[in-house]
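Undergrad: Contents of query-v2.pdb (PDB, C-alpha atoms (C1' of nucleotides)) are below:
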MODEL        1
ATOM      1  CA  MET A   1       0.000   0.000   0.000
ATOM      2  CA  LYS A   2       1.736   3.111  -1.216
ATOM      3  CA  SER A   3       1.817   5.202   1.892
ATOM      4  CA  GLU A   4       1.993   8.689   0.447
ATOM      5  CA  LEU A   5      -1.658   8.364  -0.384
ATOM      6  CA  LEU A   6      -2.437   8.231   3.298
ATOM      7  CA  LYS A   7      -1.362  11.818   3.824
ATOM      8  CA  GLY A   8      -4.305  13.919   4.770
ATOM      9  CA  ASN A   9      -6.522  10.875   5.188
ATOM     10  CA  LEU A  10      -5.215   9.520   8.453
ATOM     11  CA  GLU A  11      -7.455  11.650  10.641
ATOM     12  CA  LEU A  12     -10.452  10.643   8.591
ATOM     13  CA  LEU A  13      -9.673   6.968   9.033
ATOM     14  CA  LEU A  14      -9.085   7.211  12.762
ATOM     15  CA  LEU A  15     -12.215   9.223  13.402
ATOM     16  CA  ALA A  16     -14.249   6.874  11.231
ATOM     17  CA  VAL A  17     -13.096   3.834  13.192
ATOM     18  CA  LEU A  18     -13.760   5.495  16.526
ATOM     19  CA  ALA A  19     -17.189   6.610  15.361
ATOM     20  CA  ASN A  20     -18.549   3.062  15.583
ATOM     21  CA  GLU A  21     -17.391   2.464  19.118
ATOM     22  CA  PRO A  22     -14.628   3.600  21.479
ATOM     23  CA  ARG A  23     -11.383   1.691  21.012
ATOM     24  CA  HIS A  24      -7.838   1.713  22.283
ATOM     25  CA  GLY A  25      -4.964   2.454  19.925
ATOM     26  CA  TYR A  26      -3.878  -1.063  19.255
ATOM     27  CA  ALA A  27      -7.450  -2.079  18.493
ATOM     28  CA  VAL A  28      -7.758   0.847  16.085
ATOM     29  CA  ILE A  29      -4.781  -0.472  14.169
ATOM     30  CA  GLU A  30      -6.275  -3.942  14.014
ATOM     31  CA  GLU A  31      -9.640  -2.652  12.904
ATOM     32  CA  LEU A  32      -8.075  -0.633  10.101
ATOM     33  CA  ARG A  33      -6.254  -3.729   8.950
ATOM     34  CA  ARG A  34      -9.411  -5.791   9.100
ATOM     35  CA  ARG A  35     -11.642  -3.300   7.320
ATOM     36  CA  GLY A  36      -9.355  -1.797   4.755
ATOM     37  CA  GLY A  37      -6.176  -3.826   4.636
ATOM     38  CA  PHE A  38      -4.207  -0.911   6.057
ATOM     39  CA  ASP A  39      -1.021  -1.745   7.861
ATOM     40  CA  LEU A  40      -0.330   1.357   9.908
ATOM     41  CA  PRO A  41       2.708   1.348  12.177
ATOM     42  CA  GLU A  42       2.205   2.287  15.799
ATOM     43  CA  GLY A  43       4.512   5.237  15.296
ATOM     44  CA  THR A  44       1.914   6.601  12.916
ATOM     45  CA  VAL A  45      -1.231   5.929  14.877
ATOM     46  CA  TYR A  46      -0.299   6.825  18.447
ATOM     47  CA  PRO A  47       0.990  10.310  17.701
ATOM     48  CA  ALA A  48      -2.043  10.889  15.500
ATOM     49  CA  LEU A  49      -4.381   9.940  18.332
ATOM     50  CA  HIS A  50      -2.512  12.306  20.622
ATOM     51  CA  ARG A  51      -2.990  15.101  18.133
ATOM     52  CA  LEU A  52      -6.690  14.334  17.866
ATOM     53  CA  GLU A  53      -6.982  14.530  21.616
ATOM     54  CA  ALA A  54      -4.952  17.731  21.770
ATOM     55  CA  THR A  55      -7.341  19.358  19.333
ATOM     56  CA  GLY A  56     -10.363  18.115  21.212
ATOM     57  CA  LEU A  57     -11.691  15.717  18.602
ATOM     58  CA  VAL A  58     -11.384  12.678  20.861
ATOM     59  CA  THR A  59     -11.081  12.028  24.586
ATOM     60  CA  SER A  60      -9.314   9.159  26.277
ATOM     61  CA  THR A  61      -9.598   7.201  29.496
ATOM     62  CA  TRP A  62      -7.201   4.613  30.856
ATOM     63  CA  SER A  63      -8.426   1.109  31.513
ATOM     64  CA  ARG A  64      -6.781  -2.101  32.650
ATOM     65  CA  GLU A  65      -7.687  -5.419  31.090
ATOM     66  CA  SER A  66      -6.018  -8.426  32.725
ATOM     67  CA  GLY A  67      -2.914  -6.529  33.693
ATOM     68  CA  ARG A  68      -2.535  -4.637  30.442
ATOM     69  CA  ARG A  69      -3.105  -0.932  30.447
ATOM     70  CA  ARG A  70      -5.062   0.529  27.590
ATOM     71  CA  ARG A  71      -5.959   4.017  26.584
ATOM     72  CA  VAL A  72      -9.455   4.014  25.190
ATOM     73  CA  TYR A  73     -10.438   6.800  22.821
ATOM     74  CA  SER A  74     -13.895   8.017  21.957
ATOM     75  CA  LEU A  75     -15.199  10.778  19.708
ATOM     76  CA  THR A  76     -16.314  14.098  21.071
ATOM     77  CA  ARG A  77     -19.123  16.072  19.523
ATOM     78  CA  GLY A  78     -16.530  18.143  17.711
ATOM     79  CA  GLY A  79     -14.973  14.902  16.508
ATOM     80  CA  ARG A  80     -18.216  13.836  14.900
ATOM     81  CA  ARG A  81     -18.560  17.165  13.212
ATOM     82  CA  GLU A  82     -14.994  16.989  11.967
ATOM     83  CA  LEU A  83     -15.553  13.459  10.720
ATOM     84  CA  ALA A  84     -18.518  14.582   8.650
ATOM     85  CA  SER A  85     -16.486  17.448   7.280
ATOM     86  CA  LEU A  86     -13.492  15.294   6.385
ATOM     87  CA  ARG A  87     -15.772  12.799   4.699
ATOM     88  CA  GLU A  88     -17.079  15.589   2.521
ATOM     89  CA  THR A  89     -13.599  16.819   1.710
ATOM     90  CA  TRP A  90     -12.561  13.306   0.817
ATOM     91  CA  ARG A  91     -15.530  12.797  -1.483
ATOM     92  CA  GLY A  92     -14.891  16.134  -3.140
ATOM     93  CA  PHE A  93     -11.269  15.365  -3.759
ATOM     94  CA  ASN A  94     -12.113  11.945  -5.103
ATOM     95  CA  ASP A  95     -14.622  13.320  -7.518
ATOM     96  CA  ALA A  96     -12.067  15.840  -8.692
ATOM     97  CA  VAL A  97      -9.455  13.155  -9.298
ATOM     98  CA  ALA A  98     -12.019  10.948 -10.974
ATOM     99  CA  ALA A  99     -12.935  13.822 -13.282
ATOM    100  CA  VAL A 100      -9.336  13.990 -14.441
ATOM    101  CA  VAL A 101      -8.485  10.319 -14.485
ATOM    102  CA  ALA A 102     -11.742   9.011 -15.840
TER     103      ALA A 102
ATOM    104  CA  MET B   1      -8.773  22.211  -1.722
ATOM    105  CA  LYS B   2      -6.811  20.664   1.135
ATOM    106  CA  SER B   3      -3.474  20.021  -0.444
ATOM    107  CA  GLU B   4      -2.123  17.180   1.642
ATOM    108  CA  LEU B   5      -4.523  14.924  -0.174
ATOM    109  CA  LEU B   6      -2.613  15.536  -3.355
ATOM    110  CA  LYS B   7       0.441  13.727  -2.061
ATOM    111  CA  GLY B   8       1.020  10.601  -4.039
ATOM    112  CA  ASN B   9      -1.606  11.582  -6.581
ATOM    113  CA  LEU B  10       0.229  14.274  -8.474
ATOM    114  CA  GLU B  11       1.927  11.908 -10.900
ATOM    115  CA  LEU B  12      -1.362  10.226 -11.620
ATOM    116  CA  LEU B  13      -3.012  13.540 -12.456
ATOM    117  CA  LEU B  14      -0.207  14.739 -14.684
ATOM    118  CA  LEU B  15       0.035  11.494 -16.603
ATOM    119  CA  ALA B  16      -3.735  11.369 -16.984
ATOM    120  CA  VAL B  17      -3.847  14.840 -18.491
ATOM    121  CA  LEU B  18      -0.987  14.123 -20.862
ATOM    122  CA  ALA B  19      -2.595  10.865 -21.908
ATOM    123  CA  ASN B  20      -5.245  12.699 -23.911
ATOM    124  CA  GLU B  21      -2.827  14.808 -25.862
ATOM    125  CA  PRO B  22       0.629  16.350 -25.486
ATOM    126  CA  ARG B  23       0.611  19.635 -23.602
ATOM    127  CA  HIS B  24       3.043  22.157 -22.225
ATOM    128  CA  GLY B  25       3.296  22.754 -18.480
ATOM    129  CA  TYR B  26       1.168  25.833 -18.283
ATOM    130  CA  ALA B  27      -1.568  24.148 -20.292
ATOM    131  CA  VAL B  28      -1.421  21.153 -17.968
ATOM    132  CA  ILE B  29      -2.130  23.443 -15.033
ATOM    133  CA  GLU B  30      -5.054  25.022 -16.837
ATOM    134  CA  GLU B  31      -6.492  21.694 -17.845
ATOM    135  CA  LEU B  32      -6.313  20.402 -14.278
ATOM    136  CA  ARG B  33      -8.159  23.491 -13.129
ATOM    137  CA  ARG B  34     -10.765  23.070 -15.814
ATOM    138  CA  ARG B  35     -11.376  19.379 -15.296
ATOM    139  CA  GLY B  36     -11.057  18.985 -11.573
ATOM    140  CA  GLY B  37     -10.948  22.416 -10.023
ATOM    141  CA  PHE B  38      -7.344  21.902  -8.974
ATOM    142  CA  ASP B  39      -5.276  24.982  -8.444
ATOM    143  CA  LEU B  40      -1.727  23.712  -8.633
ATOM    144  CA  PRO B  41       1.110  26.224  -8.322
ATOM    145  CA  GLU B  42       3.799  26.191 -10.986
ATOM    146  CA  GLY B  43       6.333  25.312  -8.321
ATOM    147  CA  THR B  44       4.496  22.062  -7.920
ATOM    148  CA  VAL B  45       3.901  21.139 -11.524
ATOM    149  CA  TYR B  46       7.163  22.030 -13.247
ATOM    150  CA  PRO B  47       9.447  20.075 -10.936
ATOM    151  CA  ALA B  48       7.023  17.160 -11.139
ATOM    152  CA  LEU B  49       7.193  17.183 -14.930
ATOM    153  CA  HIS B  50      10.986  17.220 -14.723
ATOM    154  CA  ARG B  51      10.876  14.192 -12.472
ATOM    155  CA  LEU B  52       8.575  12.381 -14.864
ATOM    156  CA  GLU B  53      10.962  13.078 -17.681
ATOM    157  CA  ALA B  54      13.971  12.031 -15.616
ATOM    158  CA  THR B  55      12.332   8.691 -14.945
ATOM    159  CA  GLY B  56      11.395   8.245 -18.589
ATOM    160  CA  LEU B  57       7.631   8.461 -18.221
ATOM    161  CA  VAL B  58       7.329  11.511 -20.476
ATOM    162  CA  THR B  59       9.464  13.211 -23.116
ATOM    163  CA  SER B  60       9.578  16.874 -23.977
ATOM    164  CA  THR B  61      10.300  19.032 -26.995
ATOM    165  CA  TRP B  62      10.641  22.789 -27.148
ATOM    166  CA  SER B  63       8.342  24.778 -29.378
ATOM    167  CA  ARG B  64       7.824  28.479 -30.005
ATOM    168  CA  GLU B  65       4.349  29.939 -30.391
ATOM    169  CA  SER B  66       4.266  33.619 -31.332
ATOM    170  CA  GLY B  67       7.456  34.445 -29.502
ATOM    171  CA  ARG B  68       6.716  32.381 -26.430
ATOM    172  CA  ARG B  69       8.762  29.309 -25.778
ATOM    173  CA  ARG B  70       6.951  26.225 -24.573
ATOM    174  CA  ARG B  71       8.085  22.834 -23.471
ATOM    175  CA  VAL B  72       5.618  20.271 -24.708
ATOM    176  CA  TYR B  73       5.377  16.963 -22.885
ATOM    177  CA  SER B  74       4.017  13.676 -24.148
ATOM    178  CA  LEU B  75       3.690  10.226 -22.627
ATOM    179  CA  THR B  76       6.116   7.458 -23.398
ATOM    180  CA  ARG B  77       5.055   3.849 -23.535
ATOM    181  CA  GLY B  78       6.368   3.446 -20.010
ATOM    182  CA  GLY B  79       4.296   6.455 -19.043
ATOM    183  CA  ARG B  80       1.129   4.778 -20.254
ATOM    184  CA  ARG B  81       1.958   1.669 -18.335
ATOM    185  CA  GLU B  82       2.672   3.676 -15.208
ATOM    186  CA  LEU B  83      -0.569   5.581 -15.646
ATOM    187  CA  ALA B  84      -2.539   2.344 -15.740
ATOM    188  CA  SER B  85      -0.715   1.123 -12.673
ATOM    189  CA  LEU B  86      -1.270   4.320 -10.702
ATOM    190  CA  ARG B  87      -4.916   4.278 -11.633
ATOM    191  CA  GLU B  88      -5.183   0.812 -10.136
ATOM    192  CA  THR B  89      -3.359   1.857  -6.997
ATOM    193  CA  TRP B  90      -5.637   4.828  -6.660
ATOM    194  CA  ARG B  91      -8.771   2.727  -7.036
ATOM    195  CA  GLY B  92      -7.472   0.221  -4.528
ATOM    196  CA  PHE B  93      -6.702   2.879  -1.986
ATOM    197  CA  ASN B  94     -10.078   4.495  -2.480
ATOM    198  CA  ASP B  95     -11.902   1.252  -1.987
ATOM    199  CA  ALA B  96      -9.909   0.684   1.184
ATOM    200  CA  VAL B  97     -10.797   4.110   2.552
ATOM    201  CA  ALA B  98     -14.406   3.664   1.508
ATOM    202  CA  ALA B  99     -14.506   0.351   3.364
ATOM    203  CA  VAL B 100     -13.520   2.147   6.535
ATOM    204  CA  VAL B 101     -15.447   5.360   6.115
ATOM    205  CA  ALA B 102     -18.616   3.912   4.685
TER     206      ALA B 102
ATOM    207  C1'  DC C   1      13.479 -18.207  30.002
ATOM    208  C1'  DT C   2      12.917 -16.931  25.461
ATOM    209  C1'  DT C   3       9.788 -15.767  21.911
ATOM    210  C1'  DG C   4       5.797 -13.616  20.416
ATOM    211  C1'  DA C   5       1.506 -11.095  20.865
ATOM    212  C1'  DC C   6      -0.376  -7.328  23.304
ATOM    213  C1'  DA C   7      -0.016  -2.296  24.436
ATOM    214  C1'  DC C   8       1.988   2.014  24.996
ATOM    215  C1'  DC C   9       5.499   5.945  23.859
ATOM    216  C1'  DT C  10       8.911   9.389  21.307
ATOM    217  C1'  DA C  11      12.862  11.722  18.778
ATOM    218  C1'  DG C  12      14.416  12.220  14.519
ATOM    219  C1'  DG C  13      14.325  11.218   9.436
ATOM    220  C1'  DC C  14      12.417  11.550   4.898
ATOM    221  C1'  DA C  15       9.411  12.412   0.923
ATOM    222  C1'  DC C  16       6.560  15.304  -1.093
ATOM    223  C1'  DA C  17       4.153  19.462  -2.408
ATOM    224  C1'  DC C  18       4.533  24.245  -1.724
ATOM    225  C1'  DT C  19       6.470  29.121  -1.002
ATOM    226  C1'  DA C  20       8.777  32.660  -2.822
ATOM    227  C1'  DG C  21      11.443  34.276  -5.504
ATOM    228  C1'  DG C  22      13.665  34.683 -10.324
ATOM    229  C1'  DC C  23      13.723  35.173 -15.806
ATOM    230  C1'  DG C  24      11.596  36.696 -20.238
ATOM    231  C1'  DT C  25       7.685  37.712 -24.056
ATOM    232  C1'  DA C  26       3.351  39.843 -25.569
ATOM    233  C1'  DG C  27      -0.693  42.802 -25.346
ATOM    234  C1'  DC C  28      -3.450  46.297 -23.411
ATOM    235  C1'  DA C  29      -4.510  50.299 -20.889
ATOM    236  C1'  DT C  30      -3.065  54.678 -18.758
TER     237       DT C  30
ATOM    238  C1'  DA D   1       6.538  55.166 -22.407
ATOM    239  C1'  DT D   2       5.223  52.434 -18.673
ATOM    240  C1'  DG D   3       2.817  49.916 -15.997
ATOM    241  C1'  DC D   4      -0.029  45.707 -15.408
ATOM    242  C1'  DT D   5      -1.696  41.205 -16.487
ATOM    243  C1'  DA D   6      -1.512  36.899 -18.734
ATOM    244  C1'  DC D   7       1.525  33.716 -20.628
ATOM    245  C1'  DG D   8       5.440  30.560 -19.900
ATOM    246  C1'  DC D   9       9.451  28.721 -17.789
ATOM    247  C1'  DC D  10      12.690  27.757 -13.644
ATOM    248  C1'  DT D  11      14.776  26.496  -8.727
ATOM    249  C1'  DA D  12      16.455  26.713  -3.707
ATOM    250  C1'  DG D  13      14.624  26.217   0.391
ATOM    251  C1'  DT D  14      10.640  25.413   3.644
ATOM    252  C1'  DG D  15       7.032  22.912   6.019
ATOM    253  C1'  DT D  16       3.819  19.354   6.886
ATOM    254  C1'  DG D  17       2.974  14.805   8.069
ATOM    255  C1'  DC D  18       3.775   9.882   8.078
ATOM    256  C1'  DC D  19       7.377   6.541   9.166
ATOM    257  C1'  DT D  20      11.648   4.467  11.175
ATOM    258  C1'  DA D  21      13.755   2.835  14.949
ATOM    259  C1'  DG D  22      14.201   2.569  19.117
ATOM    260  C1'  DG D  23      12.377   2.318  23.997
ATOM    261  C1'  DT D  24       9.113   0.502  28.189
ATOM    262  C1'  DG D  25       6.215  -3.140  30.219
ATOM    263  C1'  DT D  26       2.608  -7.376  30.784
ATOM    264  C1'  DC D  27       1.215 -11.966  29.712
ATOM    265  C1'  DA D  28       0.977 -16.777  27.634
ATOM    266  C1'  DA D  29       3.190 -20.557  25.398
ATOM    267  C1'  DG D  30       6.931 -23.752  24.388
TER     268       DG D  30
ENDMDL
END
Would you mind writing the file out in structure tokens?
TA:
Amino acid sequence: MKSELLKGNLELLLLAVLANEPRHGYAVIEELRRRGGFDLPEGTVYPALHRLEATGLVTSTWSRESGRRRRVYSLTRGGRRELASLRETWRGFNDAVAAVVA
Amino acid sequence: MKSELLKGNLELLLLAVLANEPRHGYAVIEELRRRGGFDLPEGTVYPALHRLEATGLVTSTWSRESGRRRRVYSLTRGGRRELASLRETWRGFNDAVAAVVA
DNA sequence: CTTGACACCTAGGCACACTAGGCGTAGCAT
DNA sequence: ATGCTACGCCTAGTGTGCCTAGGTGTCAAG
């Protein structure tokens, strides 16, 4: 999967996954692999989640499952709004590319 | 138009435009604006065309139209092959994103 | 007691498009 | 005459954003 294409779409993907249900980082990675065949390194996803939290699009709470600590993220209202917006942007860009490539 | 999204797609767009007919750089920019609403700066397009030529995907010839010099680019056979390949990659990536975002 | 999956983190690198400047011609308006 | 705008090309350097490469620690299996 050529990774340059990801640029600008990472936030969209993360928010979309978290929109279904709250998840911890590692689970987000697995879900993205399962749904879309993405193979995102942790060094990509964790900092991105931190950024999302810093900008108020997600919130996190620590939990402990059989000795393992997890940070579980969920969307804020602003996160849902941003998700909708990014979806639109993505569609728009895709249509534009399609109009050229078609 | 959020520009990060362009990353990894620029080559595809340029090759797609040149696939229809040979064009000079400035005309490529105009055609991309016309077809897809892209507003690519010259500092993006010209270096990209140079790269495409350096890797043998396009060739160029100078021409002079009413005093103005133009460098006209056309696809090579390798360029057509690459275009087909990039198109596939693009579709694949889109489907993957759609599978997550949908 | 080592290997692998789970689960988190971060500093620094790298690739790519873009910014910001440059050069020169032609045509039109002031 | 002299701007100004569109045409048409160019490049060094910047910035954004994902990835590499390393680190910490728990738990189960062999």
Undergrad: What does the PyMOL selection byres ((chain D) within 9 of (chain A)) select in this file, as a list in words?
TA: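 When the PyMOL selection byres ((chain D) within 9 of (chain A)) is applied to the shown file, the picked residues are DG17, DC18, DC19, DT20, DG25, DT26 and DC27 of chain D.
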Undergrad: One decimal, in Å: what's the spacing between atom CA of Arg91 of chain B and atom CA of Ala98 of chain A?
TA: 9.7 Å
Undergrad: Which is closest to Ala16 of chain B among B:Asp39, B:Glu53, B:Glu82, B:Glu65, if we use only C-alpha atoms?
TA: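 Once distances to Ala16 of chain B are computed over only C-alpha atoms, the minimum belongs to B:Glu82.
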Undergrad: Near chain A, which residues of chain B fall within 10 Å when you count all atoms listed in the file, and what do they look like as a PyMOL selection string?
TA: chain B and resi 1-10+12-17+19+31-38+83+87+89-102
Undergrad: For chain C against chain B, which residues fall within 8 Å using all atoms listed in the file, given as a list of chain:residue names?
TA: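 Here they are: C:DC16, C:DA17, C:DC18, C:DT25, C:DA26.
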Undergrad: Matching every Cα in sequence order between the two identical chains, what are the coordinates of chain B once fitted onto chain A? Write them as a compact mmCIF listing (two decimals) with C-alpha atoms, in the frame of the given file.
TA:
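So the final result, stored in part.txt, reads:
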# COMPACT_ATOMS: atom_id res chain seq x y z
CA MET B 1 -0.03 -0.05 0.02
CA LYS B 2 1.73 3.09 -1.20
CA SER B 3 1.83 5.20 1.90
CA GLU B 4 2.01 8.70 0.49
CA LEU B 5 -1.64 8.37 -0.37
CA LEU B 6 -2.43 8.23 3.31
CA LYS B 7 -1.34 11.81 3.84
CA GLY B 8 -4.29 13.93 4.77
CA ASN B 9 -6.50 10.88 5.19
CA LEU B 10 -5.21 9.52 8.46
CA GLU B 11 -7.46 11.65 10.64
CA LEU B 12 -10.45 10.65 8.59
CA LEU B 13 -9.68 6.96 9.04
CA LEU B 14 -9.09 7.21 12.76
CA LEU B 15 -12.23 9.22 13.41
CA ALA B 16 -14.25 6.87 11.23
CA VAL B 17 -13.11 3.83 13.19
CA LEU B 18 -13.78 5.49 16.53
CA ALA B 19 -17.20 6.60 15.36
CA ASN B 20 -18.55 3.06 15.60
CA GLU B 21 -17.39 2.47 19.13
CA PRO B 22 -14.63 3.59 21.49
CA ARG B 23 -11.39 1.68 21.03
CA HIS B 24 -7.84 1.72 22.29
CA GLY B 25 -4.96 2.46 19.92
CA TYR B 26 -3.89 -1.07 19.26
CA ALA B 27 -7.46 -2.08 18.49
CA VAL B 28 -7.76 0.85 16.10
CA ILE B 29 -4.78 -0.47 14.16
CA GLU B 30 -6.28 -3.94 14.02
CA GLU B 31 -9.64 -2.67 12.91
CA LEU B 32 -8.08 -0.63 10.11
CA ARG B 33 -6.26 -3.73 8.95
CA ARG B 34 -9.42 -5.77 9.09
CA ARG B 35 -11.65 -3.30 7.32
CA GLY B 36 -9.37 -1.79 4.74
CA GLY B 37 -6.20 -3.82 4.64
CA PHE B 38 -4.22 -0.92 6.05
CA ASP B 39 -1.03 -1.75 7.84
CA LEU B 40 -0.33 1.33 9.90
CA PRO B 41 2.71 1.33 12.18
CA GLU B 42 2.20 2.30 15.81
CA GLY B 43 4.50 5.25 15.28
CA THR B 44 1.91 6.60 12.92
CA VAL B 45 -1.24 5.92 14.88
CA TYR B 46 -0.31 6.82 18.44
CA PRO B 47 0.99 10.31 17.71
CA ALA B 48 -2.05 10.89 15.51
CA LEU B 49 -4.38 9.94 18.34
CA HIS B 50 -2.51 12.33 20.63
CA ARG B 51 -3.00 15.10 18.12
CA LEU B 52 -6.70 14.35 17.87
CA GLU B 53 -6.99 14.55 21.61
CA ALA B 54 -4.96 17.75 21.77
CA THR B 55 -7.34 19.37 19.32
CA GLY B 56 -10.38 18.12 21.21
CA LEU B 57 -11.71 15.72 18.60
CA VAL B 58 -11.40 12.68 20.86
CA THR B 59 -11.07 12.03 24.59
CA SER B 60 -9.29 9.17 26.28
CA THR B 61 -9.56 7.21 29.50
CA TRP B 62 -7.17 4.62 30.86
CA SER B 63 -8.40 1.12 31.53
CA ARG B 64 -6.74 -2.09 32.66
CA GLU B 65 -7.65 -5.42 31.11
CA SER B 66 -6.01 -8.44 32.74
CA GLY B 67 -2.88 -6.56 33.70
CA ARG B 68 -2.53 -4.66 30.45
CA ARG B 69 -3.09 -0.96 30.45
CA ARG B 70 -5.06 0.51 27.59
CA ARG B 71 -5.94 4.01 26.59
CA VAL B 72 -9.44 4.02 25.20
CA TYR B 73 -10.44 6.80 22.83
CA SER B 74 -13.90 8.02 21.97
CA LEU B 75 -15.22 10.77 19.72
CA THR B 76 -16.33 14.10 21.07
CA ARG B 77 -19.14 16.06 19.50
CA GLY B 78 -16.54 18.13 17.70
CA GLY B 79 -14.99 14.90 16.50
CA ARG B 80 -18.24 13.83 14.89
CA ARG B 81 -18.56 17.16 13.19
CA GLU B 82 -14.99 16.98 11.95
CA LEU B 83 -15.56 13.45 10.71
CA ALA B 84 -18.52 14.58 8.63
CA SER B 85 -16.49 17.45 7.26
CA LEU B 86 -13.49 15.29 6.37
CA ARG B 87 -15.76 12.81 4.69
CA GLU B 88 -17.08 15.60 2.50
CA THR B 89 -13.59 16.82 1.70
CA TRP B 90 -12.56 13.32 0.81
CA ARG B 91 -15.53 12.81 -1.50
CA GLY B 92 -14.89 16.14 -3.15
CA PHE B 93 -11.26 15.37 -3.76
CA ASN B 94 -12.10 11.95 -5.12
CA ASP B 95 -14.62 13.33 -7.53
CA ALA B 96 -12.05 15.85 -8.69
CA VAL B 97 -9.44 13.16 -9.30
CA ALA B 98 -12.02 10.96 -10.98
CA ALA B 99 -12.94 13.84 -13.29
CA VAL B 100 -9.34 14.00 -14.44
CA VAL B 101 -8.49 10.33 -14.49
CA ALA B 102 -11.74 9.04 -15.89
Undergrad: Using the chain letters and numbers from the file, which residues does the PyMOL selection byres ((chain C and resi 29) around 10) grab, as a PyMOL selection string?
TA: (chain C and resi 27-28+30) or (chain D and resi 3-4)
Undergrad: Which value, in Å to one decimal, gives the distance between atom CA of Glu88 of chain A and atom CA of Gly56 of chain A?
TA: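 About the pair atom CA of Glu88 of chain A and atom CA of Gly56 of chain A: they are 20.0 Å apart.
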Undergrad: Rounded to one decimal place, report the atom CA of Leu18 of chain A-atom C1' of DT10 of chain C distance in Å.
TA: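 Taking atom CA of Leu18 of chain A as the start and atom C1' of DT10 of chain C as the end point, the length is 23.5 Å.
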Undergrad: Could you state which residues are captured by the PyMOL selection byres ((chain B and resi 57) around 9) in this file, as a PDB file with C-alpha atoms, in the coordinates of the input?
TA:
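Listing of result_34.pdb after writing:
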ATOM      1  CA  LEU B  15       0.035  11.494 -16.603  1.00  0.00           C
ATOM      2  CA  ARG B  51      10.876  14.192 -12.472  1.00  0.00           C
ATOM      3  CA  LEU B  52       8.575  12.381 -14.864  1.00  0.00           C
ATOM      4  CA  GLU B  53      10.962  13.078 -17.681  1.00  0.00           C
ATOM      5  CA  ALA B  54      13.971  12.031 -15.616  1.00  0.00           C
ATOM      6  CA  THR B  55      12.332   8.691 -14.945  1.00  0.00           C
ATOM      7  CA  GLY B  56      11.395   8.245 -18.589  1.00  0.00           C
ATOM      8  CA  VAL B  58       7.329  11.511 -20.476  1.00  0.00           C
ATOM      9  CA  THR B  59       9.464  13.211 -23.116  1.00  0.00           C
ATOM     10  CA  SER B  74       4.017  13.676 -24.148  1.00  0.00           C
ATOM     11  CA  LEU B  75       3.690  10.226 -22.627  1.00  0.00           C
ATOM     12  CA  THR B  76       6.116   7.458 -23.398  1.00  0.00           C
ATOM     13  CA  ARG B  77       5.055   3.849 -23.535  1.00  0.00           C
ATOM     14  CA  GLY B  78       6.368   3.446 -20.010  1.00  0.00           C
ATOM     15  CA  GLY B  79       4.296   6.455 -19.043  1.00  0.00           C
ATOM     16  CA  ARG B  80       1.129   4.778 -20.254  1.00  0.00           C
ATOM     17  CA  ARG B  81       1.958   1.669 -18.335  1.00  0.00           C
ATOM     18  CA  GLU B  82       2.672   3.676 -15.208  1.00  0.00           C
TER      19      GLU B  82
END
Undergrad: Which is closest to DC7 of chain D among B:Thr61, B:Glu11, B:Glu30, B:Glu21, if we use all atoms listed in the file?
TA: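 Closest candidate: B:Glu30.
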Undergrad: Give me the residues near DA5 of chain C as a ChimeraX atom specification, where near means some atom within 12 Å (using all atoms listed in the file) and where sequence neighbours in that chain fewer than 2 positions away do not count.
TA: /A:26 /C:3,7 /D:26-29
Undergrad: With all atoms of segment 10-17 of chain D from the file as input, state the centre and edge lengths in Å to one decimal of the axis-aligned box that has 4 Å extra on each side, as AutoDock Vina command-line options.
TA:
--center_x 9.7 --center_y 21.3 --center_z -2.8 --size_x 21.5 --size_y 21.0 --size_z 29.7
Undergrad: Find the residues near DG22 of chain C: any atom within 12 Å, counting only C-alpha atoms (C1' of nucleotides), skip ones fewer than 4 places away on the same chain, and give them as a ChimeraX atom specification.
TA: /D:9-12
Undergrad: Regenerate segment 84-92 of chain A at the level of N, CA and C atoms and dump it as a PDB file, keeping the file's coordinate frame.
TA:
ATOM      1  N   ALA A  84     -17.599  14.289   9.748  1.00  0.00           N
ATOM      2  CA  ALA A  84     -18.518  14.582   8.650  1.00  0.00           C
ATOM      3  C   ALA A  84     -17.855  15.491   7.630  1.00  0.00           C
ATOM      4  N   SER A  85     -17.157  16.488   8.151  1.00  0.00           N
ATOM      5  CA  SER A  85     -16.486  17.448   7.280  1.00  0.00           C
ATOM      6  C   SER A  85     -15.389  16.794   6.442  1.00  0.00           C
ATOM      7  N   LEU A  86     -14.583  15.959   7.093  1.00  0.00           N
ATOM      8  CA  LEU A  86     -13.492  15.294   6.385  1.00  0.00           C
ATOM      9  C   LEU A  86     -14.029  14.334   5.327  1.00  0.00           C
ATOM     10  N   ARG A  87     -15.133  13.694   5.664  1.00  0.00           N
ATOM     11  CA  ARG A  87     -15.772  12.799   4.699  1.00  0.00           C
ATOM     12  C   ARG A  87     -16.142  13.573   3.441  1.00  0.00           C
ATOM     13  N   GLU A  88     -16.705  14.730   3.643  1.00  0.00           N
ATOM     14  CA  GLU A  88     -17.079  15.589   2.521  1.00  0.00           C
ATOM     15  C   GLU A  88     -15.859  15.968   1.694  1.00  0.00           C
ATOM     16  N   THR A  89     -14.832  16.421   2.394  1.00  0.00           N
ATOM     17  CA  THR A  89     -13.599  16.819   1.710  1.00  0.00           C
ATOM     18  C   THR A  89     -13.055  15.663   0.882  1.00  0.00           C
ATOM     19  N   TRP A  90     -13.074  14.488   1.489  1.00  0.00           N
ATOM     20  CA  TRP A  90     -12.561  13.306   0.817  1.00  0.00           C
ATOM     21  C   TRP A  90     -13.361  13.019  -0.455  1.00  0.00           C
ATOM     22  N   ARG A  91     -14.677  13.025  -0.326  1.00  0.00           N
ATOM     23  CA  ARG A  91     -15.530  12.797  -1.483  1.00  0.00           C
ATOM     24  C   ARG A  91     -15.247  13.816  -2.574  1.00  0.00           C
ATOM     25  N   GLY A  92     -15.154  15.066  -2.186  1.00  0.00           N
ATOM     26  CA  GLY A  92     -14.891  16.134  -3.140  1.00  0.00           C
ATOM     27  C   GLY A  92     -13.595  15.924  -3.883  1.00  0.00           C
TER      28      GLY A  92
END
